[in-house]
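Chemist: This structure is in C-alpha cells; I'll ask about it shortly.
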Amino acid sequence: MLYPVVWRDDRVALIDQTRLPRELTQVEIRRSDDMAMAIKTMIVRGAPAIGIAAAYGMYLGAREIDTRDRTAFLERLEAIGQMLRETRPTAVNLFWAIERMLKVARTTPGTVEQVRQTLLETAQRINAEDLETCRAIGKHGLEALPQQPEKVRLLTHCNAGALATAGYGTALGVVRSAYLAGRLERLYADETRPRLQGAKLTTWECLYDGIPVTVITDSMAAHCMQQGMIDAVVVGADRIAANGDTANKIGTYSLALVAKAHNLPFFVAAPKSTIDLSLNDGSQIPIEERDAEEIYQIGETRVVPKGAEFYNPAFDVTPANLITAIITEQGAIAPADLQRQLTPSSPKSS
Ligand SMILES: CSC[C@@H](O)[C@@H](O)C(=O)COP(=O)(O)O
C-alpha cells in the first residue's frame with residue numbers, strides 16, 4: 001500500500017506526486033512554509049491528503065514558535081493556520097484539519113510544550129483515522145455497486161486513490177474493495193486534463209497494486225458508456241455542500257451528465273470531513289483557478305499558439321440530482337438525505 005504522507009524521524013515524508021509516474025521519490029518537509037509550498041505546488045494533492053499534510057504543517061509551525069507564553073503561541077499558530085489555508089481554496093478537508101488543530105491548541109491545558117506534543121498526536125490521529133475511514137468507504141461502496149453483472153466495469157476521474165488520502169483511497173478505495181472481493185472486471189480511468197492525474201497517478205497506482213486499468217481520454221467517456229462498456233461511475237470529492245452538490249476535479253460534472261443519459265449509477269465516495277454543512281448548495285463552493293500554463297503546455301512543450309486567452313478552473317460542481325449516492329464511512333447516503341442522516345464527524349477534539 002502507498003502512504004503519501006508519513007511522519008518519520010521528526011519530519012514529514014511526502015511522496016512527490018509531481019514526479020510520478022517517472023519516479024517514486026519522497027520529499028522531506030521540516031518547516032510549515034515548506035509544507036504550504038508542497039500543497040500549493042501539488043507535491044501532495046487530493047482532498048484528504050492535503051488535510052493530513054496541513055495538520056502536520058500546523059505541528060511543524062508549532063515547533064517553530066519560540067515562546068513559552070500561551071497567548072503569544074496561539075496568536076502565531078493562528079497565523080500559520082492562515083498561511084496554510086491560503087494554499088488551495090476548494091478542498092474543505094484542508095480547512096477542517098487546520099480548524100481541528102487550532103481547536104486542540106486552544107483547549108489543551110498545560111504548557112506550550114504539552115500543547116505541541118498534543119498537536120503532533122492529533123496530526124497522527126487525523127492520518128490514522130483517514131486510513132480507517134477509507135477502508136470503511138471501500139466496504140460501503142462495494143455494497144452499493146450494482147449486483148449485475150457479477151464483475152463490474154467502473155469508470156473514475158482524476159485520482160481519488162491511496163495517493164490522495166492517508167492510503168487506500170476513496171473512489172479508488174471502492175474500486176480496490178471490488179477488486180479484492182473479485183467483483184471488478186476492469187477500471188476505466190479518465191486521463192483528467194489538464195494535469196492528467198488519471199493518466200499519471202490513477203494508472204500508476206492501479207498498476208502498482210495489480211488492478212486492471214484501461215486509460216481513456218476524458219472525451220471518450222460518453223462513447224464508452226454508449227458502447228455498453230461501463231456499469232457504474234465512482235469519483236471522489238473536494239467539497240460537498242449540505243444539499244449534496246459536489247465539487248470535484250474539472251470534468252466530473254460532464255461525466256455525471258453522460259452517466260445520467262445512459263442510466264448508469266454515479267457514486268461520489270468521500271469522508272465526512274469533505275462535507276461542508278455550512279454551505280447550502282454548490283454555488284457557494286470556492287473554485288480554484290490555476291495557471292494557464294497547465295492548458296497551453298503539455299510537459300515542457302507549448303501546444304497552443306500565443307495570443308489566446310485561457311480559463312482554467314480546477315474543479316466543477318456536480319448537482320446533487322445527478323448523484324446516485326454519496327458513500328461515506330457511515331454508509332451510502334442519498335444526497336437528499338445528507339443533512340438528516342449525517343451524524344457529526346468524530347467529536348474527539350485531539
Ligand atoms: C480522495 S481525493 C478526491 C478529490 O480530491 C480528487 O478527485 C481531486 O479532485 C483532486 O484534485 P487535485 O487538484 O489533484 O488535488
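Chain labels A, B, ... are given in the sequence in which chains occur in the C-alpha cells; within each chain residues are numbered consecutively from 1, and ligands are likewise numbered from 1 in the order shown.
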Enumerate residues in contact with ligand 1: an atom-to-atom distance of at most 8 Å, counting only C-alpha atoms and all ligand atoms. Format the result as a PyMOL selection string.
Modeler: chain A and resi 42+44-50+91+157-162+164-165+169-171+195+197+235-238+247-250+269-270+314-315
Chemist: DSSP on the backbone: what in stretch 183-244 of chain A comes out helix (DSSP H, G or I), as a list in words?
Modeler: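 Those residues are Gln197, Gly198, Ala199, Lys200, Leu201, Thr202, Thr203, Trp204, Glu205, Cys206, Leu207, Tyr208, Asp209, Asp218, Ser219, Met220, Ala221, Ala222, His223, Cys224, Met225 and Gln226 of chain A.
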Chemist: Restricting the calculation to only C-alpha atoms: of A:Lys260, A:Arg116, A:Arg239, A:Arg290, which residue gets closest to A:Val92?
Modeler: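 Closest to A:Val92 of all the choices is A:Arg239.
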Chemist: Name the closest residue to A:Ile327 among the candidates A:Gly299, A:Gly251, A:Gly182, A:Gly173; distances are taken between atoms, counting only C-alpha atoms.
Modeler: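 Looking only at the distances to A:Ile327, the closest residue turns out to be A:Gly173.
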Chemist: Using only C-alpha atoms, which residues sit within 12 Å of A:Arg106 once same-chain residues fewer than 5 positions away are excluded, as an mmCIF file with N, CA and C atoms, in the first residue's frame?
Modeler:
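Just written: selection_32.cif:
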data_model
loop_
_atom_site.group_PDB
_atom_site.id
_atom_site.type_symbol
_atom_site.label_atom_id
_atom_site.label_comp_id
_atom_site.auth_asym_id
_atom_site.auth_seq_id
_atom_site.Cartn_x
_atom_site.Cartn_y
_atom_site.Cartn_z
ATOM 1 N N ARG A 70 1.509 31.194 26.319
ATOM 2 C CA ARG A 70 0.421 30.530 25.585
ATOM 3 C C ARG A 70 -0.297 31.480 24.634
ATOM 4 N N THR A 71 -0.546 32.698 25.096
ATOM 5 C CA THR A 71 -1.296 33.638 24.253
ATOM 6 C C THR A 71 -0.505 33.975 22.991
ATOM 7 N N ALA A 72 0.781 34.247 23.192
ATOM 8 C CA ALA A 72 1.623 34.569 22.027
ATOM 9 C C ALA A 72 1.720 33.355 21.107
ATOM 10 N N PHE A 73 1.823 32.180 21.711
ATOM 11 C CA PHE A 73 1.917 30.941 20.931
ATOM 12 C C PHE A 73 0.670 30.759 20.056
ATOM 13 N N LEU A 74 -0.496 30.941 20.668
ATOM 14 C CA LEU A 74 -1.756 30.739 19.927
ATOM 15 C C LEU A 74 -1.906 31.746 18.796
ATOM 16 N N GLU A 75 -1.504 32.991 19.096
ATOM 17 C CA GLU A 75 -1.588 34.026 18.048
ATOM 18 C C GLU A 75 -0.749 33.648 16.841
ATOM 19 N N LEU A 77 0.284 30.661 16.045
ATOM 20 C CA LEU A 77 -0.234 29.441 15.411
ATOM 21 C C LEU A 77 -1.416 29.765 14.481
ATOM 22 N N GLU A 78 -2.242 30.738 14.895
ATOM 23 C CA GLU A 78 -3.359 31.180 14.026
ATOM 24 C C GLU A 78 -2.796 31.697 12.703
ATOM 25 N N GLU A 99 -8.638 23.767 11.383
ATOM 26 C CA GLU A 99 -9.552 24.128 12.476
ATOM 27 C C GLU A 99 -9.434 23.131 13.630
ATOM 28 N N ARG A 100 -9.362 21.870 13.280
ATOM 29 C CA ARG A 100 -9.261 20.844 14.330
ATOM 30 C C ARG A 100 -7.970 21.024 15.133
ATOM 31 N N MET A 101 -6.871 21.328 14.436
ATOM 32 C CA MET A 101 -5.589 21.531 15.124
ATOM 33 C C MET A 101 -5.652 22.783 16.008
ATOM 34 N N THR A 111 1.349 23.454 29.543
ATOM 35 C CA THR A 111 2.378 24.341 28.975
ATOM 36 C C THR A 111 2.341 24.296 27.452
ATOM 37 N N VAL A 112 3.059 25.248 26.855
ATOM 38 C CA VAL A 112 3.178 25.282 25.390
ATOM 39 C C VAL A 112 3.770 23.956 24.904
ATOM 40 N N GLN A 114 3.473 21.033 26.204
ATOM 41 C CA GLN A 114 2.422 19.990 26.248
ATOM 42 C C GLN A 114 1.447 20.149 25.075
ATOM 43 N N VAL A 115 1.146 21.389 24.748
ATOM 44 C CA VAL A 115 0.241 21.639 23.606
ATOM 45 C C VAL A 115 0.894 21.124 22.318
ATOM 46 N N ARG A 116 2.188 21.442 22.170
ATOM 47 C CA ARG A 116 2.908 20.976 20.959
ATOM 48 C C ARG A 116 2.801 19.463 20.830
ATOM 49 N N THR A 118 0.565 17.454 22.034
ATOM 50 C CA THR A 118 -0.807 17.045 21.688
ATOM 51 C C THR A 118 -1.088 17.326 20.212
ATOM 52 N N LEU A 119 -0.507 18.397 19.696
ATOM 53 C CA LEU A 119 -0.710 18.705 18.262
ATOM 54 C C LEU A 119 -0.102 17.617 17.382
ATOM 55 N N SER A 349 -11.610 15.705 20.234
ATOM 56 C CA SER A 349 -11.014 17.006 19.951
ATOM 57 C C SER A 349 -9.496 16.902 19.786
ATOM 58 N N SER A 350 -8.931 15.754 20.065
ATOM 59 C CA SER A 350 -7.474 15.646 19.873
ATOM 60 C C SER A 350 -7.151 14.373 19.127
#
Chemist: Leaving out stretch 214-231 of chain A and any residue of its chain fewer than 5 positions from it, which residues lie within 8 Å of it when counting only C-alpha atoms, given as number ranges by chain?
Modeler: A: 146, 152-155, 186-193, 198-199, 203, 251, 255, 258-259, 262, 264-265
Chemist: Any chance you could export the current selection's N, CA and C atoms as a PDB file, in the first residue's frame?
Modeler:
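That gives us out-v8.pdb:
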ATOM      1  N   PRO A 146     -23.815  -2.049  -8.352  1.00  0.00           N
ATOM      2  CA  PRO A 146     -24.883  -2.879  -8.932  1.00  0.00           C
ATOM      3  C   PRO A 146     -24.568  -4.363  -8.755  1.00  0.00           C
ATOM      4  N   VAL A 152     -17.968  -6.020 -12.303  1.00  0.00           N
ATOM      5  CA  VAL A 152     -18.362  -4.713 -12.856  1.00  0.00           C
ATOM      6  C   VAL A 152     -17.192  -3.987 -13.512  1.00  0.00           C
ATOM      7  N   ARG A 153     -17.568  -3.138 -14.470  1.00  0.00           N
ATOM      8  CA  ARG A 153     -16.602  -2.248 -15.116  1.00  0.00           C
ATOM      9  C   ARG A 153     -16.888  -0.838 -14.614  1.00  0.00           C
ATOM     10  N   LEU A 154     -15.914  -0.295 -13.895  1.00  0.00           N
ATOM     11  CA  LEU A 154     -16.105   1.011 -13.268  1.00  0.00           C
ATOM     12  C   LEU A 154     -15.312   2.079 -14.020  1.00  0.00           C
ATOM     13  N   LEU A 155     -15.833   3.297 -13.953  1.00  0.00           N
ATOM     14  CA  LEU A 155     -15.131   4.437 -14.551  1.00  0.00           C
ATOM     15  C   LEU A 155     -14.848   5.450 -13.451  1.00  0.00           C
ATOM     16  N   ARG A 186     -12.766  -4.460 -14.509  1.00  0.00           N
ATOM     17  CA  ARG A 186     -11.760  -3.511 -15.022  1.00  0.00           C
ATOM     18  C   ARG A 186     -12.120  -2.098 -14.574  1.00  0.00           C
ATOM     19  N   LEU A 187     -11.103  -1.303 -14.352  1.00  0.00           N
ATOM     20  CA  LEU A 187     -11.324   0.126 -14.107  1.00  0.00           C
ATOM     21  C   LEU A 187     -10.966   0.906 -15.364  1.00  0.00           C
ATOM     22  N   TYR A 188     -11.864   1.789 -15.772  1.00  0.00           N
ATOM     23  CA  TYR A 188     -11.545   2.748 -16.825  1.00  0.00           C
ATOM     24  C   TYR A 188     -11.165   4.054 -16.126  1.00  0.00           C
ATOM     25  N   ALA A 189     -10.021   4.607 -16.490  1.00  0.00           N
ATOM     26  CA  ALA A 189      -9.538   5.834 -15.842  1.00  0.00           C
ATOM     27  C   ALA A 189      -9.486   6.950 -16.869  1.00  0.00           C
ATOM     28  N   ASP A 190     -10.264   8.001 -16.622  1.00  0.00           N
ATOM     29  CA  ASP A 190     -10.161   9.214 -17.457  1.00  0.00           C
ATOM     30  C   ASP A 190      -8.760   9.799 -17.282  1.00  0.00           C
ATOM     31  N   GLU A 191      -8.164  10.283 -18.348  1.00  0.00           N
ATOM     32  CA  GLU A 191      -6.812  10.852 -18.193  1.00  0.00           C
ATOM     33  C   GLU A 191      -6.835  12.116 -17.309  1.00  0.00           C
ATOM     34  N   THR A 192      -7.949  12.867 -17.366  1.00  0.00           N
ATOM     35  CA  THR A 192      -8.169  14.033 -16.494  1.00  0.00           C
ATOM     36  C   THR A 192      -7.273  15.225 -16.853  1.00  0.00           C
ATOM     37  N   ARG A 193      -7.625  15.841 -17.957  1.00  0.00           N
ATOM     38  CA  ARG A 193      -6.988  17.105 -18.354  1.00  0.00           C
ATOM     39  C   ARG A 193      -7.341  18.188 -17.342  1.00  0.00           C
ATOM     40  N   GLY A 198      -5.413  11.335 -13.731  1.00  0.00           N
ATOM     41  CA  GLY A 198      -5.893   9.981 -14.055  1.00  0.00           C
ATOM     42  C   GLY A 198      -4.825   9.190 -14.793  1.00  0.00           C
ATOM     43  N   ALA A 199      -4.289   9.813 -15.844  1.00  0.00           N
ATOM     44  CA  ALA A 199      -3.283   9.122 -16.667  1.00  0.00           C
ATOM     45  C   ALA A 199      -2.016   8.847 -15.858  1.00  0.00           C
ATOM     46  N   THR A 203      -3.474   5.525 -12.950  1.00  0.00           N
ATOM     47  CA  THR A 203      -2.935   4.400 -13.712  1.00  0.00           C
ATOM     48  C   THR A 203      -1.744   3.784 -12.983  1.00  0.00           C
ATOM     49  N   GLY A 251     -14.407  18.333 -14.987  1.00  0.00           N
ATOM     50  CA  GLY A 251     -14.759  17.216 -15.873  1.00  0.00           C
ATOM     51  C   GLY A 251     -15.711  16.238 -15.202  1.00  0.00           C
ATOM     52  N   LEU A 255     -19.188  14.164 -16.746  1.00  0.00           N
ATOM     53  CA  LEU A 255     -19.257  12.708 -16.579  1.00  0.00           C
ATOM     54  C   LEU A 255     -20.597  12.306 -15.943  1.00  0.00           C
ATOM     55  N   VAL A 258     -23.408  12.552 -18.576  1.00  0.00           N
ATOM     56  CA  VAL A 258     -23.472  11.433 -19.532  1.00  0.00           C
ATOM     57  C   VAL A 258     -23.853  10.133 -18.833  1.00  0.00           C
ATOM     58  N   ALA A 259     -23.476   9.993 -17.573  1.00  0.00           N
ATOM     59  CA  ALA A 259     -23.891   8.796 -16.822  1.00  0.00           C
ATOM     60  C   ALA A 259     -25.422   8.783 -16.705  1.00  0.00           C
ATOM     61  N   HIS A 262     -27.146   7.765 -19.801  1.00  0.00           N
ATOM     62  CA  HIS A 262     -27.049   6.325 -20.080  1.00  0.00           C
ATOM     63  C   HIS A 262     -27.593   5.481 -18.935  1.00  0.00           C
ATOM     64  N   LEU A 264     -26.768   5.173 -15.846  1.00  0.00           N
ATOM     65  CA  LEU A 264     -25.752   4.468 -15.061  1.00  0.00           C
ATOM     66  C   LEU A 264     -25.630   5.091 -13.676  1.00  0.00           C
ATOM     67  N   PRO A 265     -25.424   4.287 -12.630  1.00  0.00           N
ATOM     68  CA  PRO A 265     -25.238   4.875 -11.300  1.00  0.00           C
ATOM     69  C   PRO A 265     -23.969   5.722 -11.228  1.00  0.00           C
TER      70      PRO A 265
END
Chemist: For the atom pair atom CA of A:Tyr3 and atom CA of A:Gly138, what is the interatomic distance in Å to one decimal place?
Modeler: 16.6 Å
Chemist: I'd like to know which residues of stretch 18-79 of chain A are strand (DSSP E) (by DSSP, run on the backbone); could you write them as a PDB file with N, CA and C atoms, in the first residue's frame?
Modeler:
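Output below, filename result.pdb:
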ATOM      1  N   GLN A  26      10.489  10.602  -2.339  1.00  0.00           N
ATOM      2  CA  GLN A  26       9.862  11.343  -1.246  1.00  0.00           C
ATOM      3  C   GLN A  26      10.566  12.673  -1.042  1.00  0.00           C
ATOM      4  N   VAL A  27       9.794  13.655  -0.603  1.00  0.00           N
ATOM      5  CA  VAL A  27      10.340  14.964  -0.234  1.00  0.00           C
ATOM      6  C   VAL A  27      10.207  15.062   1.280  1.00  0.00           C
ATOM      7  N   GLU A  28      11.250  15.510   1.945  1.00  0.00           N
ATOM      8  CA  GLU A  28      11.187  15.638   3.404  1.00  0.00           C
ATOM      9  C   GLU A  28      10.852  17.072   3.782  1.00  0.00           C
ATOM     10  N   ILE A  29       9.840  17.210   4.620  1.00  0.00           N
ATOM     11  CA  ILE A  29       9.365  18.545   4.996  1.00  0.00           C
ATOM     12  C   ILE A  29       9.599  18.733   6.495  1.00  0.00           C
TER      13      ILE A  29
END
Chemist: Grab the atom CA of A:Ile323 to atom CA of A:Val175 distance for me, in Å with one decimal place.
Modeler: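 The value is 17.6 Å.
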Chemist: Between atom CA of A:Ala79 and atom CA of A:Leu131, measure the distance and give it in Å to one decimal.
Modeler: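 Computed distance, atom CA of A:Ala79 to atom CA of A:Leu131, equals 28.7 Å.
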Chemist: Would you list the contacts of A:Thr133 as an MDAnalysis selection string, taking every protein, DNA or RNA residue within 8 Å and counting only C-alpha atoms, but skipping same-chain residues closer than 6 positions in sequence?
Modeler: chainID A and resid 271 328:329
Chemist: Excluding stretch 81-83 of chain A and any residue of its chain fewer than 4 positions from it, enumerate the residues within 12 Å of it, using only C-alpha atoms, and give them as a CSV table (one decimal) with N, CA and C atoms, in the first residue's frame.
Modeler:
chain,number,residue,atom,x,y,z
A,32,SER,N,6.8,24.6,8.3
A,32,SER,CA,5.4,24.8,7.9
A,32,SER,C,5.3,25.5,6.6
A,33,ASP,N,6.3,26.5,6.3
A,33,ASP,CA,6.2,27.2,5.0
A,33,ASP,C,6.5,26.2,3.8
A,34,ASP,N,7.4,25.3,4.1
A,34,ASP,CA,7.7,24.2,3.0
A,34,ASP,C,6.5,23.4,2.8
A,35,MET,N,5.7,23.1,3.9
A,35,MET,CA,4.5,22.3,3.7
A,35,MET,C,3.5,23.1,2.9
A,36,ALA,N,3.3,24.4,3.2
A,36,ALA,CA,2.4,25.2,2.4
A,36,ALA,C,2.8,25.1,0.9
A,37,MET,N,4.1,25.2,0.7
A,37,MET,CA,4.5,25.2,-0.7
A,37,MET,C,4.2,23.8,-1.4
A,39,ILE,N,1.8,21.9,-0.7
A,39,ILE,CA,0.4,21.7,-1.0
A,39,ILE,C,0.1,22.6,-2.2
A,40,LYS,N,0.6,23.8,-2.3
A,40,LYS,CA,0.3,24.7,-3.4
A,40,LYS,C,0.8,24.1,-4.7
A,51,GLY,N,-5.4,17.7,3.7
A,51,GLY,CA,-5.9,17.9,5.1
A,51,GLY,C,-4.8,17.3,6.1
A,54,ALA,N,-1.7,19.4,6.0
A,54,ALA,CA,-1.9,20.7,6.7
A,54,ALA,C,-1.8,20.4,8.2
A,55,ALA,N,-2.4,19.3,8.7
A,55,ALA,CA,-2.3,19.0,10.1
A,55,ALA,C,-0.9,18.9,10.6
A,56,TYR,N,-0.1,18.2,9.8
A,56,TYR,CA,1.4,18.1,10.2
A,56,TYR,C,2.0,19.5,10.0
A,57,GLY,N,1.6,20.2,9.0
A,57,GLY,CA,2.1,21.6,8.8
A,57,GLY,C,1.9,22.5,10.0
A,58,MET,N,0.7,22.3,10.6
A,58,MET,CA,0.4,23.0,11.9
A,58,MET,C,1.4,22.6,13.0
A,59,TYR,N,1.7,21.3,13.1
A,59,TYR,CA,2.6,20.9,14.2
A,59,TYR,C,4.0,21.5,13.9
A,60,LEU,N,4.4,21.4,12.6
A,60,LEU,CA,5.8,21.9,12.3
A,60,LEU,C,5.8,23.4,12.6
A,61,GLY,N,4.7,24.1,12.4
A,61,GLY,CA,4.6,25.5,12.7
A,61,GLY,C,4.7,25.7,14.2
A,62,ALA,N,4.0,24.9,15.0
A,62,ALA,CA,4.0,25.0,16.4
A,62,ALA,C,5.4,24.8,17.0
A,74,LEU,N,-0.5,30.9,20.7
A,74,LEU,CA,-1.8,30.7,19.9
A,74,LEU,C,-1.9,31.7,18.8
A,75,GLU,N,-1.5,33.0,19.1
A,75,GLU,CA,-1.6,34.0,18.0
A,75,GLU,C,-0.7,33.6,16.8
A,76,ARG,N,0.5,33.2,17.1
A,76,ARG,CA,1.3,32.8,16.0
A,76,ARG,C,0.9,31.6,15.3
A,77,LEU,N,0.3,30.7,16.0
A,77,LEU,CA,-0.2,29.4,15.4
A,77,LEU,C,-1.4,29.8,14.5
A,87,THR,N,-3.3,28.1,0.7
A,87,THR,CA,-2.6,27.3,-0.4
A,87,THR,C,-3.6,26.9,-1.5
A,88,ARG,N,-4.7,26.3,-1.1
A,88,ARG,CA,-5.7,25.8,-2.1
A,88,ARG,C,-7.1,26.1,-1.5
A,89,PRO,N,-8.0,26.6,-2.3
A,89,PRO,CA,-9.3,27.0,-1.8
A,89,PRO,C,-10.5,26.0,-1.8
A,94,LEU,N,-8.8,20.6,4.0
A,94,LEU,CA,-7.7,21.5,4.4
A,94,LEU,C,-8.1,22.4,5.6
A,95,PHE,N,-9.3,23.0,5.4
A,95,PHE,CA,-9.8,24.0,6.4
A,95,PHE,C,-10.2,23.2,7.7
A,96,TRP,N,-10.8,22.0,7.4
A,96,TRP,CA,-11.3,21.2,8.5
A,96,TRP,C,-10.1,20.8,9.4
A,97,ALA,N,-9.0,20.3,8.8
A,97,ALA,CA,-7.9,19.9,9.6
A,97,ALA,C,-7.2,21.0,10.3
A,98,ILE,N,-7.1,22.2,9.7
A,98,ILE,CA,-6.5,23.3,10.4
A,98,ILE,C,-7.3,23.7,11.6
A,99,GLU,N,-8.6,23.8,11.4
A,99,GLU,CA,-9.6,24.1,12.5
A,99,GLU,C,-9.4,23.1,13.6
A,100,ARG,N,-9.4,21.9,13.3
A,100,ARG,CA,-9.3,20.8,14.3
A,100,ARG,C,-8.0,21.0,15.1
A,101,MET,N,-6.9,21.3,14.4
A,101,MET,CA,-5.6,21.5,15.1
A,101,MET,C,-5.7,22.8,16.0
A,102,LEU,N,-6.3,23.8,15.5
A,102,LEU,CA,-6.4,25.1,16.3
A,102,LEU,C,-7.2,24.9,17.5
A,103,LYS,N,-8.3,24.1,17.4
A,103,LYS,CA,-9.2,23.8,18.5
A,103,LYS,C,-8.4,23.1,19.6
A,105,ALA,N,-5.2,23.2,20.1
A,105,ALA,CA,-4.2,24.1,20.7
A,105,ALA,C,-4.9,25.0,21.7
Chemist: Could you name the residues that touch A:Pro286 at 8 Å or less, counting only C-alpha atoms, but leaving out those on the same chain fewer than 2 positions away, as a ChimeraX atom specification?
Modeler: /A:89-90,284,288
Chemist: Hey, which of A:Asp69, A:Glu86, A:Asp276, A:Asp130 ends up closest to A:Glu113? Count only C-alpha atoms.
Modeler: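 For A:Glu113, the nearest of the given residues is A:Asp69.
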Chemist: Between A:Lys272, A:Leu338, A:Val213, A:Glu185, single out the one closest to A:Ile137, counting only C-alpha atoms.
Modeler: A:Lys272
